[in-house]
Amino acid sequence: MRLVWLILLIPFAAVAWVPFYNHTTPALFGFPFFYWYQLLWVPLTSLLTYLVYRTLARDSRDEG
Amino acid sequence: MKAEIDWAALAVFVLLLGLVTAIGFGAARWRRIKTLSPLEEWGLGGRQFGTWITWFLIGGDIYTAYTMIAVPALVYATGAFGFFALPYTILVYPFVFAVMPIFWKVAKKNNYMTAADVVYGRYGYRPLELAVALTGVIATMPYIALQLIGIETVFHTLGITGKLPLIAAFLILALNTYSSGLRAPALIAVVKDTMIYIVVIAAILLIPFKLGGYSAVFETADAAFLAKGSGGILLTPAQFAPYVSLALGSALALFMYPHALTGILASASANTIRKNAILLPAYSTVLALLALMGLMGHAAGLKLTNNNDVVPLLFKTLFSGWFAGFAFAAIAIGAMVPAAIMSIGAANLFTRNFWKAYINPNVTSAGEAKVAKMTSLALVAGALLFILFLPTQFALDLQLLGGLWILQTLPAVIFGLFTGWFRALGLLLGWAAGFLGGSWLAWLNDFKPLHTLHFSSASITLYSGLLALAVNIAVAILVSVVLHWTARGDRDLAGVN
């Protein structure tokens, strides 16, 4: 069990605590914070998952 | 609302639907390879789809027409609360990344074609296999029916009335699926998803122009919710726990559905699934942008008799006829792709875990394919009858219950991939407790998905499906502990003798 798996829990932590992002400001391109903050976590989650993927792929190459 | 027929829209719509029908029938000959198993060919497309086809297939499969209609409708009605669909689709992919490659490997190694196959292979216990298969089929039926509601909404906006067009659309779907199996929705999904991306990008760029920019959209929506006295562009503190628990519970439930698992099982490799967990969130962005159309409905001052009309009416009001027709075709095809995969997934379950298990254990692989094809026809026909003769609200209530039910199969399907500790009987009793307890909670709350727990001084409202899952897991642990104890007792006795 590698610790790198724990990275996958970050998106959950990011959206679990609603009071943190349930605001209108700061707005971005007319979007209240509530909306763009959650939208931002879509690509961020992809990126984090990719990091885990790359780390695991490198490990299995090292072993092989 | 009685709509005038817009001929430009209708012409584009009919043309595109004709095109995908042709693609669907042609798909039977696409990348056909010689395998030993006709059911694997029909029901899983030969288990050979690479990263891109899988991306289109799963994306086209889980973001259904109903999603495109219902999520914006919920946002139109409630505002921020309907946006729970976004954290839902954020949370689902890390789960897919961690769990589904292992599920795929187990299935591939043993030639399993359904979740219930995996469960039987792990525990060798028929009742648990049957519980998982049965839950899959009954949770899928109302979901297929909802796709029909999606198509009906589009027909309605196009000004097409009567039940005949709906029957025609689903006849095409049923025959397409019968002859081409999973290959048809896989190929059609490529066309459909491309269309959806075009529609959403155009809408997101153009609609705010017509409505005075995004800040104006949020401001008018906020004012509309204030005037109405309910909903808002932010959550109230009482909505925090429901929002997060619905997102989490839905995320855990989604990939327990047979149609989602069929997409996983049809992949060529475990790595295909990992890459897709990274790439599929592109669809979440589309979903979020579609959800915003619920708010745009307020900004555009739409007068709706049914909240489900918000997206189709927005297109009809703000775009020229041919583009509205293009968008409607995207939604209608967006109903047929998942409906096809759902009927295939449920047919695989019926064939493998009911027909082969109880009716004819010696069925050949060719015989399996024949049974599955007939079952898919029966399932689509059943969903059609459902919509034609039962109230729509019944399908909506059942669909919500379906999500709660399918979530209860998670411990049986997933836990065994990681540990051998759980006992089959414990998982079965846990499933029964979650299934019955969850249904009871739903019934108590008038088929709303939330339940309020009262403590001495405080109360918290959570998604009933998640509460039922907690009971489910607790029972599974408790029973397994007891069984481990008694087994140890037996071993000790055996040692003494």
# chains A, B, ... in the order shown; residues from 1 in each chain; ligands from 1
>>> residues_around(residues="stretch 45-58 of chain A", least_positions_apart="5", cutoff="10 Å", atoms="only C-alpha atoms", output="PyMOL selection string")
(chain A and resi 2-12+14+40+63-64) or (chain B and resi 90-91+93-94+97-98+271+274-282)
>>> residues_around(residues="B:Leu483", least_positions_apart="5", cutoff="10 Å", atoms="only C-alpha atoms", output="ChimeraX atom specification")
/B:422-423,425-426,477-478,488-489
>>> residues_around(residues="stretch 382-387 of chain B", least_positions_apart="4", cutoff="10 Å", atoms="only C-alpha atoms", output="PDB file with N, CA and C atoms, in the first residue's frame")
ATOM      1  N   THR B 140     -32.194  -0.700 -13.059  1.00  0.00           N
ATOM      2  CA  THR B 140     -31.977  -0.226 -14.421  1.00  0.00           C
ATOM      3  C   THR B 140     -33.287   0.053 -15.158  1.00  0.00           C
ATOM      4  N   MET B 141     -34.320  -0.750 -14.863  1.00  0.00           N
ATOM      5  CA  MET B 141     -35.590  -0.586 -15.584  1.00  0.00           C
ATOM      6  C   MET B 141     -36.136   0.845 -15.564  1.00  0.00           C
ATOM      7  N   PRO B 142     -36.312   1.458 -14.368  1.00  0.00           N
ATOM      8  CA  PRO B 142     -36.831   2.830 -14.386  1.00  0.00           C
ATOM      9  C   PRO B 142     -35.858   3.809 -15.031  1.00  0.00           C
ATOM     10  N   TYR B 143     -34.568   3.474 -15.004  1.00  0.00           N
ATOM     11  CA  TYR B 143     -33.567   4.346 -15.618  1.00  0.00           C
ATOM     12  C   TYR B 143     -33.750   4.372 -17.143  1.00  0.00           C
ATOM     13  N   ILE B 144     -34.057   3.192 -17.726  1.00  0.00           N
ATOM     14  CA  ILE B 144     -34.340   3.159 -19.169  1.00  0.00           C
ATOM     15  C   ILE B 144     -35.596   3.985 -19.441  1.00  0.00           C
ATOM     16  N   ALA B 145     -36.596   3.832 -18.556  1.00  0.00           N
ATOM     17  CA  ALA B 145     -37.844   4.585 -18.745  1.00  0.00           C
ATOM     18  C   ALA B 145     -37.579   6.097 -18.730  1.00  0.00           C
ATOM     19  N   LEU B 146     -36.656   6.524 -17.872  1.00  0.00           N
ATOM     20  CA  LEU B 146     -36.352   7.954 -17.803  1.00  0.00           C
ATOM     21  C   LEU B 146     -35.738   8.478 -19.094  1.00  0.00           C
ATOM     22  N   GLN B 147     -35.001   7.622 -19.793  1.00  0.00           N
ATOM     23  CA  GLN B 147     -34.444   8.060 -21.078  1.00  0.00           C
ATOM     24  C   GLN B 147     -35.580   8.377 -22.038  1.00  0.00           C
ATOM     25  N   LEU B 148     -36.659   7.599 -21.938  1.00  0.00           N
ATOM     26  CA  LEU B 148     -37.832   7.873 -22.784  1.00  0.00           C
ATOM     27  C   LEU B 148     -38.444   9.223 -22.438  1.00  0.00           C
ATOM     28  N   ILE B 149     -38.433   9.553 -21.135  1.00  0.00           N
ATOM     29  CA  ILE B 149     -38.958  10.861 -20.743  1.00  0.00           C
ATOM     30  C   ILE B 149     -38.108  11.968 -21.361  1.00  0.00           C
ATOM     31  N   GLU B 152     -39.141  12.262 -24.900  1.00  0.00           N
ATOM     32  CA  GLU B 152     -40.482  12.835 -24.953  1.00  0.00           C
ATOM     33  C   GLU B 152     -40.434  14.359 -24.807  1.00  0.00           C
ATOM     34  N   LYS B 163     -47.967   9.452 -29.242  1.00  0.00           N
ATOM     35  CA  LYS B 163     -47.020   8.471 -28.725  1.00  0.00           C
ATOM     36  C   LYS B 163     -46.258   7.753 -29.840  1.00  0.00           C
ATOM     37  N   LEU B 166     -42.422   8.299 -30.280  1.00  0.00           N
ATOM     38  CA  LEU B 166     -41.684   7.676 -29.186  1.00  0.00           C
ATOM     39  C   LEU B 166     -41.546   6.175 -29.415  1.00  0.00           C
ATOM     40  N   ILE B 167     -42.638   5.571 -29.836  1.00  0.00           N
ATOM     41  CA  ILE B 167     -42.616   4.133 -30.101  1.00  0.00           C
ATOM     42  C   ILE B 167     -41.642   3.830 -31.243  1.00  0.00           C
ATOM     43  N   PHE B 170     -38.016   4.026 -30.109  1.00  0.00           N
ATOM     44  CA  PHE B 170     -37.544   2.906 -29.306  1.00  0.00           C
ATOM     45  C   PHE B 170     -37.582   1.568 -30.037  1.00  0.00           C
ATOM     46  N   LEU B 171     -38.361   1.499 -31.078  1.00  0.00           N
ATOM     47  CA  LEU B 171     -38.284   0.334 -31.945  1.00  0.00           C
ATOM     48  C   LEU B 171     -36.913   0.292 -32.631  1.00  0.00           C
ATOM     49  N   ALA B 339     -29.682   4.129 -23.021  1.00  0.00           N
ATOM     50  CA  ALA B 339     -30.774   3.154 -22.954  1.00  0.00           C
ATOM     51  C   ALA B 339     -30.324   1.821 -23.551  1.00  0.00           C
ATOM     52  N   SER B 343     -29.915  -1.657 -21.410  1.00  0.00           N
ATOM     53  CA  SER B 343     -30.622  -2.896 -21.727  1.00  0.00           C
ATOM     54  C   SER B 343     -29.626  -4.037 -21.933  1.00  0.00           C
ATOM     55  N   SER B 376     -32.839  -8.197 -24.060  1.00  0.00           N
ATOM     56  CA  SER B 376     -32.692  -6.755 -24.288  1.00  0.00           C
ATOM     57  C   SER B 376     -33.937  -6.202 -24.971  1.00  0.00           C
ATOM     58  N   LEU B 377     -34.498  -6.964 -25.901  1.00  0.00           N
ATOM     59  CA  LEU B 377     -35.749  -6.543 -26.546  1.00  0.00           C
ATOM     60  C   LEU B 377     -36.865  -6.395 -25.513  1.00  0.00           C
ATOM     61  N   ALA B 378     -36.969  -7.412 -24.653  1.00  0.00           N
ATOM     62  CA  ALA B 378     -38.037  -7.400 -23.645  1.00  0.00           C
ATOM     63  C   ALA B 378     -37.873  -6.221 -22.685  1.00  0.00           C
ATOM     64  N   PRO B 391     -47.979   6.539 -14.547  1.00  0.00           N
ATOM     65  CA  PRO B 391     -47.684   7.968 -14.394  1.00  0.00           C
ATOM     66  C   PRO B 391     -46.171   8.227 -14.372  1.00  0.00           C
ATOM     67  N   THR B 392     -45.775   9.344 -14.976  1.00  0.00           N
ATOM     68  CA  THR B 392     -44.356   9.700 -15.041  1.00  0.00           C
ATOM     69  C   THR B 392     -43.728   9.770 -13.657  1.00  0.00           C
ATOM     70  N   PHE B 394     -44.170   8.049 -11.156  1.00  0.00           N
ATOM     71  CA  PHE B 394     -43.831   6.719 -10.684  1.00  0.00           C
ATOM     72  C   PHE B 394     -42.428   6.327 -11.155  1.00  0.00           C
ATOM     73  N   ALA B 395     -42.123   6.641 -12.424  1.00  0.00           N
ATOM     74  CA  ALA B 395     -40.794   6.355 -12.963  1.00  0.00           C
ATOM     75  C   ALA B 395     -39.739   7.187 -12.239  1.00  0.00           C
TER      76      ALA B 395
END
>>> residues_around(residues="A:Phe33", least_positions_apart="4", cutoff="7 Å", atoms="only C-alpha atoms", output="list in words")
Tyr21, His23, Thr24, Thr25, Pro26, Ala27 and Tyr37 of chain A
>>> write_last_selection(atoms="N, CA and C atoms", output="compact mmCIF listing (two decimals), in the first residue's frame")
# COMPACT_ATOMS: atom_id res chain seq x y z
N TYR A 21 -16.54 27.20 0.75
CA TYR A 21 -16.73 27.77 -0.60
C TYR A 21 -18.12 28.30 -0.87
N HIS A 23 -19.70 30.99 -0.92
CA HIS A 23 -19.67 32.46 -0.95
C HIS A 23 -19.83 32.95 -2.38
N THR A 24 -20.25 34.22 -2.51
CA THR A 24 -20.32 34.80 -3.86
C THR A 24 -18.97 35.39 -4.26
N THR A 25 -18.20 35.89 -3.27
CA THR A 25 -16.92 36.52 -3.60
C THR A 25 -15.77 35.65 -3.11
N PRO A 26 -14.59 35.73 -3.73
CA PRO A 26 -14.28 36.52 -4.93
C PRO A 26 -14.91 35.91 -6.19
N ALA A 27 -15.50 36.74 -7.01
CA ALA A 27 -16.08 36.26 -8.26
C ALA A 27 -15.01 36.22 -9.36
N TYR A 37 -15.09 27.77 -7.93
CA TYR A 37 -14.26 26.95 -7.06
C TYR A 37 -14.50 25.46 -7.36
>>> residues_around(residues="stretch 45-60 of chain B", least_positions_apart="2", cutoff="8 Å", atoms="only C-alpha atoms", output="number ranges by chain")
B: 32-33, 35, 40-43, 62-64, 181-183, 185-187, 189-190, 192-193, 260, 263-269, 272-273, 275-276, 279-280, 283, 334, 337-338
>>> atom_distance(atom1="atom CA of B:Leu379", atom2="atom CA of B:Asn111")
24.4 Å
>>> residues_around(residues="stretch 431-447 of chain B", least_positions_apart="5", cutoff="9 Å", atoms="only C-alpha atoms", output="PyMOL selection string")
chain B and resi 128+131-132+397-398+400-401+404-412+426+464-473+475-476
>>> residues_around(residues="B:Ala372", least_positions_apart="2", cutoff="8 Å", atoms="only C-alpha atoms", output="JSON, numbers by chain")
{"B": [39, 43, 344, 347, 348, 350, 351, 368, 369, 370, 374, 375, 376]}
>>> write_last_selection(atoms="C-alpha atoms", output="mmCIF file, in the first residue's frame")
data_model
loop_
_atom_site.group_PDB
_atom_site.id
_atom_site.type_symbol
_atom_site.label_atom_id
_atom_site.label_comp_id
_atom_site.auth_asym_id
_atom_site.auth_seq_id
_atom_site.Cartn_x
_atom_site.Cartn_y
_atom_site.Cartn_z
ATOM 1 C CA LEU B 39 -22.034 -13.220 -25.637
ATOM 2 C CA GLY B 43 -22.621 -7.897 -24.687
ATOM 3 C CA ILE B 344 -27.425 -4.770 -22.657
ATOM 4 C CA ALA B 347 -29.647 -8.526 -20.279
ATOM 5 C CA ASN B 348 -26.134 -9.795 -19.456
ATOM 6 C CA PHE B 350 -30.345 -11.943 -16.606
ATOM 7 C CA THR B 351 -28.524 -14.351 -18.905
ATOM 8 C CA GLU B 368 -26.296 -17.254 -23.983
ATOM 9 C CA ALA B 369 -26.017 -14.614 -26.691
ATOM 10 C CA LYS B 370 -29.455 -15.571 -28.018
ATOM 11 C CA MET B 374 -34.137 -11.498 -26.584
ATOM 12 C CA THR B 375 -33.915 -10.131 -23.036
ATOM 13 C CA SER B 376 -32.692 -6.755 -24.288
#
>>> select_by_dssp(residues="chain A", states="alpha helix (DSSP H)", output="PyMOL selection string")
chain A and resi 10-16+33-63
>>> write_last_selection(atoms="C-alpha atoms", output="mmCIF file, in the first residue's frame")
data_model
loop_
_atom_site.group_PDB
_atom_site.id
_atom_site.type_symbol
_atom_site.label_atom_id
_atom_site.label_comp_id
_atom_site.auth_asym_id
_atom_site.auth_seq_id
_atom_site.Cartn_x
_atom_site.Cartn_y
_atom_site.Cartn_z
ATOM 1 C CA ILE A 10 -7.704 15.511 -1.606
ATOM 2 C CA PRO A 11 -10.668 16.245 -3.959
ATOM 3 C CA PHE A 12 -13.012 14.869 -1.326
ATOM 4 C CA ALA A 13 -11.508 17.134 1.335
ATOM 5 C CA ALA A 14 -11.821 20.058 -1.088
ATOM 6 C CA VAL A 15 -15.573 19.748 -1.594
ATOM 7 C CA ALA A 16 -16.597 18.199 1.752
ATOM 8 C CA PHE A 33 -16.884 31.725 -5.857
ATOM 9 C CA PHE A 34 -19.223 28.783 -5.126
ATOM 10 C CA TYR A 35 -19.405 27.965 -8.828
ATOM 11 C CA TRP A 36 -15.881 28.557 -10.096
ATOM 12 C CA TYR A 37 -14.257 26.947 -7.059
ATOM 13 C CA GLN A 38 -16.057 23.649 -7.705
ATOM 14 C CA LEU A 39 -15.496 23.911 -11.440
ATOM 15 C CA LEU A 40 -11.787 24.396 -10.771
ATOM 16 C CA TRP A 41 -11.701 21.093 -8.888
ATOM 17 C CA VAL A 42 -12.625 19.204 -12.047
ATOM 18 C CA PRO A 43 -9.251 19.757 -13.784
ATOM 19 C CA LEU A 44 -7.414 19.697 -10.434
ATOM 20 C CA THR A 45 -8.822 16.236 -9.688
ATOM 21 C CA SER A 46 -7.748 15.076 -13.130
ATOM 22 C CA LEU A 47 -4.273 16.406 -12.498
ATOM 23 C CA LEU A 48 -3.973 14.753 -9.076
ATOM 24 C CA THR A 49 -5.181 11.445 -10.503
ATOM 25 C CA TYR A 50 -2.595 11.767 -13.269
ATOM 26 C CA LEU A 51 0.139 12.302 -10.649
ATOM 27 C CA VAL A 52 -0.878 9.083 -8.895
ATOM 28 C CA TYR A 53 -1.009 7.285 -12.251
ATOM 29 C CA ARG A 54 2.487 8.436 -13.206
ATOM 30 C CA THR A 55 3.992 7.519 -9.853
ATOM 31 C CA LEU A 56 2.469 4.036 -9.918
ATOM 32 C CA ALA A 57 3.499 3.489 -13.555
ATOM 33 C CA ARG A 58 7.100 4.462 -12.741
ATOM 34 C CA ASP A 59 7.124 2.102 -9.754
ATOM 35 C CA SER A 60 5.959 -0.846 -11.804
ATOM 36 C CA ARG A 61 8.647 -0.090 -14.429
ATOM 37 C CA ASP A 62 11.326 -0.004 -11.715
ATOM 38 C CA GLU A 63 10.182 -3.350 -10.420
#
>>> atom_distance(atom1="atom CA of B:Leu134", atom2="atom CA of B:Phe354")
8.8 Å
>>> atom_distance(atom1="atom CA of B:Asn307", atom2="atom CA of B:Tyr257")
26.3 Å
>>> closest_residue(among="B:Ala224, B:Val137, B:Leu234, B:Ile331", to="chain A", atoms="only C-alpha atoms")
B:Leu234
>>> closest_residue(among="B:Phe218, B:Thr419, B:Leu158, B:Tyr66", to="chain A", atoms="only C-alpha atoms")
B:Phe218
